[in-house]
Amino acid sequence: MPKKGNRKRLKFRASDVCSESVTVADYADADPAVVKSGRVKKAVANAVEKEVKLLCGLEASQGAVEEVLSSTVGVAGEALDSSDDLDPEEDGGNENKVGRKKKNKRRKESSESSDGEEYPVDIWLVLSSYIRPEDVCRFALICRNAWTVTCTAAFWTRLYKRHYKMDADLPCRLQPDSVDRMCCLRARVIRSLFHLYEPFSMRVSKIPALPESTPTTLLNSKCLLFWFKKILGTRPEAMWEFNFKFIKQDGNKKNGSAKSLRMPRQYEDVHTNSDSDCYVLQVTTLNYILTPVVMGMTLTLFTINVSTDMRHHRVRLVFQDSPLHRTKKRGEQGGTQVVLDPVHSVRLMDWWHPQYPSSPHT
């Protein structure tokens with residue numbers, strides 16, 4: 001079969017058109033493969049119009065000529081409609097017009113939907129005095145001015161004073177005197193709320209001594225510090241507490257930080273927090289266990305299993321000199337292993353946890 005692009009059009013010349021050469025068959029019985037468009041060529045239309053005027057003597061009557069031409073075009077169009085072959089230039093022009101109308105309509109609708117009122121920061125600051133601590137994130141997502149309010153020192157100072165209690169057991173670094181300092185104000189207020197605000201303190205108290213499943217948050221995190229200490233409790237024998245402080249590396253952070261909003265310069269000290277990406281893994285064992293030095297290494301494997309005596313748990317940590325790539329399997333990697341067995345409790349603490357070790361400035 002011949003390709004669609006190889007079809008030939010029937011070419012007409014004005015000099016060739018006369019009363020003897022133009023017949024009804026030229027339009028009604030025209031082959032769609034030859035005549036692709038249903039429109040009459042301009043040269044043919046002019047020639048037919050001139051021929052009709054000469055034959056019928058209708059030079060003064062333009063209406064009758066137009067009527068004859070329109071009827072001729074209608075016959076030719078009806079004969080070619082069945083082939084579903086339209087002129088691509090005309091079709092493309094119609095599509096462009098429709099596409100432009102749709103775009104203009106969408107722009108009009110978007111402009112109408114974007115209309116609204118922008119309230120000043122002072123109004124959002126007043127409204128922020130009535131939101132709960134757990135709704136701070138939702139409040140900041142309302143608009144840019146609401147987010148700007150959550151960056152101010154006044155917002156965090158009011159939030160602290162609203163929930164402060166005189167009989168609350170707060171460490172010295174979280175006392176009301178610390179609120180007067182701008183540096184790390186946001187971090188101190190959030191840590192204080194886990195002592196003062198009951199929903200937050202209840203959330204921490206419900207954390208079990210042993211997690212139900214092995215946490216995956218620490219994978220590919222870098223160990224910054226490692227220390228241990230002896231714990232004297234109700235048991236006749238002392239227990240030992242091993243602490244590992246980790247920090248998330250750049251590979252663990254989500255993309256899109258470049259699109260985030262810029263913090264106002266005057267409030268950068270308020271949001272300063274050196275422990276924002278840090279965790280502390282606290283493992284309490286029944287005996288002292290000699291462990292290798294792992295500071296500066298990356299954690300690539302963390303498992304919590306049942307101990308050999310079936311009474312306690314066993315913690316295994318594998319450290320590498322560099323982060324583990326996703327294409328490599330863990331079993332093929334060597335590394336430094338830290339095995340703690342038997343284990344009494346395992347606790348993973350975020351920077352806001354009440355028992356998270358922090359400096360007096362934070």
# chains A, B, ... in the order shown; residues from 1 in each chain; ligands from 1
call {"tool": "residues_around", "arguments": {"residues": "Pro357 of chain A", "least_positions_apart": "6", "cutoff": "12 Å", "atoms": "only C-alpha atoms", "output": "list in words"}}
result
Pro171, Arg173, Arg191, Leu225, Trp227, Asn243, Phe244, Lys245, Asp275, Cys278, Tyr279, Val280, Leu281, Gln282, Met349, Asp350 and Trp351 of chain A
call {"tool": "select_by_dssp", "arguments": {"residues": "segment 119-314 of chain A", "states": "alpha helix (DSSP H)", "output": "PyMOL selection string"}}
result
chain A and resi 121-127+136-140+144-150+153-163+185-196+198-205
call {"tool": "closest_residue", "arguments": {"among": "A:Leu55, A:Leu286, A:Glu268, A:Asn46", "to": "Leu232 of chain A", "atoms": "only C-alpha atoms"}}
result
A:Leu286
call {"tool": "atom_distance", "arguments": {"atom1": "atom CA of Asn145 of chain A", "atom2": "atom CA of Val121 of chain A"}}
result
5.5 Å
call {"tool": "atom_distance", "arguments": {"atom1": "atom CA of Thr303 of chain A", "atom2": "atom CA of Thr214 of chain A"}}
result
6.1 Å
call {"tool": "residues_around", "arguments": {"residues": "Asp341 of chain A", "least_positions_apart": "4", "cutoff": "8 Å", "atoms": "only C-alpha atoms", "output": "PDB file with N, CA, C and O atoms, in the first residue's frame"}}
result
ATOM      1  N   THR A 285      24.428  -3.190  79.533  1.00  0.00           N
ATOM      2  CA  THR A 285      24.776  -4.609  79.622  1.00  0.00           C
ATOM      3  C   THR A 285      24.937  -5.024  81.087  1.00  0.00           C
ATOM      4  O   THR A 285      25.140  -4.178  81.971  1.00  0.00           O
ATOM      5  N   SER A 307      19.974 -13.570  72.873  1.00  0.00           N
ATOM      6  CA  SER A 307      21.269 -14.068  73.317  1.00  0.00           C
ATOM      7  C   SER A 307      21.304 -15.594  73.318  1.00  0.00           C
ATOM      8  O   SER A 307      20.275 -16.271  73.159  1.00  0.00           O
ATOM      9  N   HIS A 312      18.352 -13.096  77.544  1.00  0.00           N
ATOM     10  CA  HIS A 312      18.661 -11.692  77.302  1.00  0.00           C
ATOM     11  C   HIS A 312      18.779 -11.462  75.787  1.00  0.00           C
ATOM     12  O   HIS A 312      18.459 -12.355  75.006  1.00  0.00           O
ATOM     13  N   HIS A 313      19.269 -10.288  75.432  1.00  0.00           N
ATOM     14  CA  HIS A 313      19.444  -9.926  74.028  1.00  0.00           C
ATOM     15  C   HIS A 313      20.920  -9.690  73.715  1.00  0.00           C
ATOM     16  O   HIS A 313      21.745  -9.499  74.623  1.00  0.00           O
ATOM     17  N   ARG A 314      21.184  -9.671  72.421  1.00  0.00           N
ATOM     18  CA  ARG A 314      22.552  -9.495  71.913  1.00  0.00           C
ATOM     19  C   ARG A 314      22.535  -8.421  70.835  1.00  0.00           C
ATOM     20  O   ARG A 314      21.742  -8.478  69.898  1.00  0.00           O
ATOM     21  N   VAL A 315      23.440  -7.451  70.961  1.00  0.00           N
ATOM     22  CA  VAL A 315      23.548  -6.331  70.023  1.00  0.00           C
ATOM     23  C   VAL A 315      24.859  -6.473  69.255  1.00  0.00           C
ATOM     24  O   VAL A 315      25.924  -6.677  69.855  1.00  0.00           O
TER      25      VAL A 315
END
call {"tool": "atom_distance", "arguments": {"atom1": "atom CA of Arg347 of chain A", "atom2": "atom CA of Asp321 of chain A"}}
result
24.7 Å
call {"tool": "closest_residue", "arguments": {"among": "A:Glu117, A:Val270, A:Arg138, A:Ala168", "to": "Leu185 of chain A", "atoms": "only C-alpha atoms"}}
result
A:Val270
call {"tool": "residues_around", "arguments": {"residues": "Glu134 of chain A", "least_positions_apart": "5", "cutoff": "10 Å", "atoms": "only C-alpha atoms", "output": "list in words"}}
result
Phe139, Pro199 and Phe200 of chain A
call {"tool": "write_last_selection", "arguments": {"atoms": "all heavy atoms", "output": "PDB file, in the first residue's frame"}}
result
ATOM      1  N   PHE A 139       1.061  25.021  61.587  1.00  0.00           N
ATOM      2  CA  PHE A 139       0.900  26.473  61.557  1.00  0.00           C
ATOM      3  C   PHE A 139       1.927  27.110  60.623  1.00  0.00           C
ATOM      4  O   PHE A 139       1.607  28.050  59.869  1.00  0.00           O
ATOM      5  CB  PHE A 139       1.048  27.042  62.974  1.00  0.00           C
ATOM      6  CG  PHE A 139       0.956  28.535  63.060  1.00  0.00           C
ATOM      7  CD1 PHE A 139      -0.268  29.172  63.001  1.00  0.00           C
ATOM      8  CD2 PHE A 139       2.102  29.297  63.194  1.00  0.00           C
ATOM      9  CE1 PHE A 139      -0.353  30.560  63.077  1.00  0.00           C
ATOM     10  CE2 PHE A 139       2.036  30.678  63.262  1.00  0.00           C
ATOM     11  CZ  PHE A 139       0.810  31.307  63.208  1.00  0.00           C
ATOM     12  N   PRO A 199       1.546  15.696  76.961  1.00  0.00           N
ATOM     13  CA  PRO A 199       1.527  14.791  75.800  1.00  0.00           C
ATOM     14  C   PRO A 199       2.922  14.388  75.330  1.00  0.00           C
ATOM     15  O   PRO A 199       3.145  13.243  74.922  1.00  0.00           O
ATOM     16  CB  PRO A 199       0.776  15.594  74.732  1.00  0.00           C
ATOM     17  CG  PRO A 199      -0.097  16.520  75.511  1.00  0.00           C
ATOM     18  CD  PRO A 199       0.703  16.891  76.713  1.00  0.00           C
ATOM     19  N   PHE A 200       3.893  15.303  75.400  1.00  0.00           N
ATOM     20  CA  PHE A 200       5.253  14.967  74.982  1.00  0.00           C
ATOM     21  C   PHE A 200       5.927  14.041  75.995  1.00  0.00           C
ATOM     22  O   PHE A 200       6.609  13.086  75.613  1.00  0.00           O
ATOM     23  CB  PHE A 200       6.083  16.235  74.802  1.00  0.00           C
ATOM     24  CG  PHE A 200       5.748  17.013  73.560  1.00  0.00           C
ATOM     25  CD1 PHE A 200       4.735  16.592  72.704  1.00  0.00           C
ATOM     26  CD2 PHE A 200       6.443  18.163  73.241  1.00  0.00           C
ATOM     27  CE1 PHE A 200       4.424  17.299  71.553  1.00  0.00           C
ATOM     28  CE2 PHE A 200       6.148  18.879  72.089  1.00  0.00           C
ATOM     29  CZ  PHE A 200       5.139  18.455  71.254  1.00  0.00           C
TER      30      PHE A 200
END
call {"tool": "closest_residue", "arguments": {"among": "A:Cys143, A:Ser201, A:Leu196, A:Pro342", "to": "Met166 of chain A", "atoms": "only C-alpha atoms"}}
result
A:Leu196
call {"tool": "residues_around", "arguments": {"residues": "His163 of chain A", "least_positions_apart": "5", "cutoff": "9 Å", "atoms": "only C-alpha atoms", "output": "PyMOL selection string"}}
result
chain A and resi 158+193+196-197
call {"tool": "select_by_dssp", "arguments": {"residues": "segment 150-332 of chain A", "states": "strand (DSSP E or B)", "output": "ChimeraX atom specification"}}
result
/A:221-231,239-248,278-285,298-306,313-320
call {"tool": "write_last_selection", "arguments": {"atoms": "C-alpha atoms", "output": "PDB file, in the first residue's frame"}}
result
ATOM      1  CA  SER A 221      25.760   7.336  60.205  1.00  0.00           C
ATOM      2  CA  LYS A 222      29.144   8.426  61.522  1.00  0.00           C
ATOM      3  CA  CYS A 223      30.182   7.704  65.106  1.00  0.00           C
ATOM      4  CA  LEU A 224      31.337  10.931  66.745  1.00  0.00           C
ATOM      5  CA  LEU A 225      31.807   9.853  70.360  1.00  0.00           C
ATOM      6  CA  PHE A 226      31.924   6.677  72.404  1.00  0.00           C
ATOM      7  CA  TRP A 227      31.939   6.394  76.172  1.00  0.00           C
ATOM      8  CA  PHE A 228      30.837   3.988  78.911  1.00  0.00           C
ATOM      9  CA  LYS A 229      30.127   4.198  82.615  1.00  0.00           C
ATOM     10  CA  LYS A 230      29.255   1.972  85.530  1.00  0.00           C
ATOM     11  CA  ILE A 231      25.686   2.027  86.854  1.00  0.00           C
ATOM     12  CA  MET A 239      25.608  -2.797  85.124  1.00  0.00           C
ATOM     13  CA  TRP A 240      27.513  -1.015  82.402  1.00  0.00           C
ATOM     14  CA  GLU A 241      26.192   1.607  80.039  1.00  0.00           C
ATOM     15  CA  PHE A 242      27.751   2.004  76.572  1.00  0.00           C
ATOM     16  CA  ASN A 243      26.926   5.165  74.634  1.00  0.00           C
ATOM     17  CA  PHE A 244      27.499   5.794  70.925  1.00  0.00           C
ATOM     18  CA  LYS A 245      26.836   9.266  69.502  1.00  0.00           C
ATOM     19  CA  PHE A 246      26.080   9.286  65.769  1.00  0.00           C
ATOM     20  CA  ILE A 247      25.525  12.020  63.229  1.00  0.00           C
ATOM     21  CA  LYS A 248      23.715  11.701  59.910  1.00  0.00           C
ATOM     22  CA  CYS A 278      22.579  13.563  66.017  1.00  0.00           C
ATOM     23  CA  TYR A 279      21.427  10.418  67.858  1.00  0.00           C
ATOM     24  CA  VAL A 280      22.700   8.596  70.914  1.00  0.00           C
ATOM     25  CA  LEU A 281      22.535   4.815  71.059  1.00  0.00           C
ATOM     26  CA  GLN A 282      22.569   3.711  74.696  1.00  0.00           C
ATOM     27  CA  VAL A 283      23.113   0.012  75.392  1.00  0.00           C
ATOM     28  CA  THR A 284      23.040  -1.269  78.966  1.00  0.00           C
ATOM     29  CA  THR A 285      24.776  -4.609  79.622  1.00  0.00           C
ATOM     30  CA  THR A 298      30.523   4.631  59.749  1.00  0.00           C
ATOM     31  CA  LEU A 299      27.882   2.205  61.035  1.00  0.00           C
ATOM     32  CA  THR A 300      26.848  -0.205  58.268  1.00  0.00           C
ATOM     33  CA  LEU A 301      25.073  -2.961  60.236  1.00  0.00           C
ATOM     34  CA  PHE A 302      22.988  -2.912  63.418  1.00  0.00           C
ATOM     35  CA  THR A 303      21.149  -5.991  64.704  1.00  0.00           C
ATOM     36  CA  ILE A 304      19.357  -6.947  67.924  1.00  0.00           C
ATOM     37  CA  ASN A 305      18.941 -10.689  68.449  1.00  0.00           C
ATOM     38  CA  VAL A 306      18.239 -13.118  71.263  1.00  0.00           C
ATOM     39  CA  HIS A 313      19.444  -9.926  74.028  1.00  0.00           C
ATOM     40  CA  ARG A 314      22.552  -9.495  71.913  1.00  0.00           C
ATOM     41  CA  VAL A 315      23.548  -6.331  70.023  1.00  0.00           C
ATOM     42  CA  ARG A 316      25.917  -6.444  67.064  1.00  0.00           C
ATOM     43  CA  LEU A 317      27.370  -3.344  65.422  1.00  0.00           C
ATOM     44  CA  VAL A 318      29.548  -3.344  62.289  1.00  0.00           C
ATOM     45  CA  PHE A 319      31.599  -0.255  61.420  1.00  0.00           C
ATOM     46  CA  GLN A 320      33.373   0.654  58.182  1.00  0.00           C
TER      47      GLN A 320
END
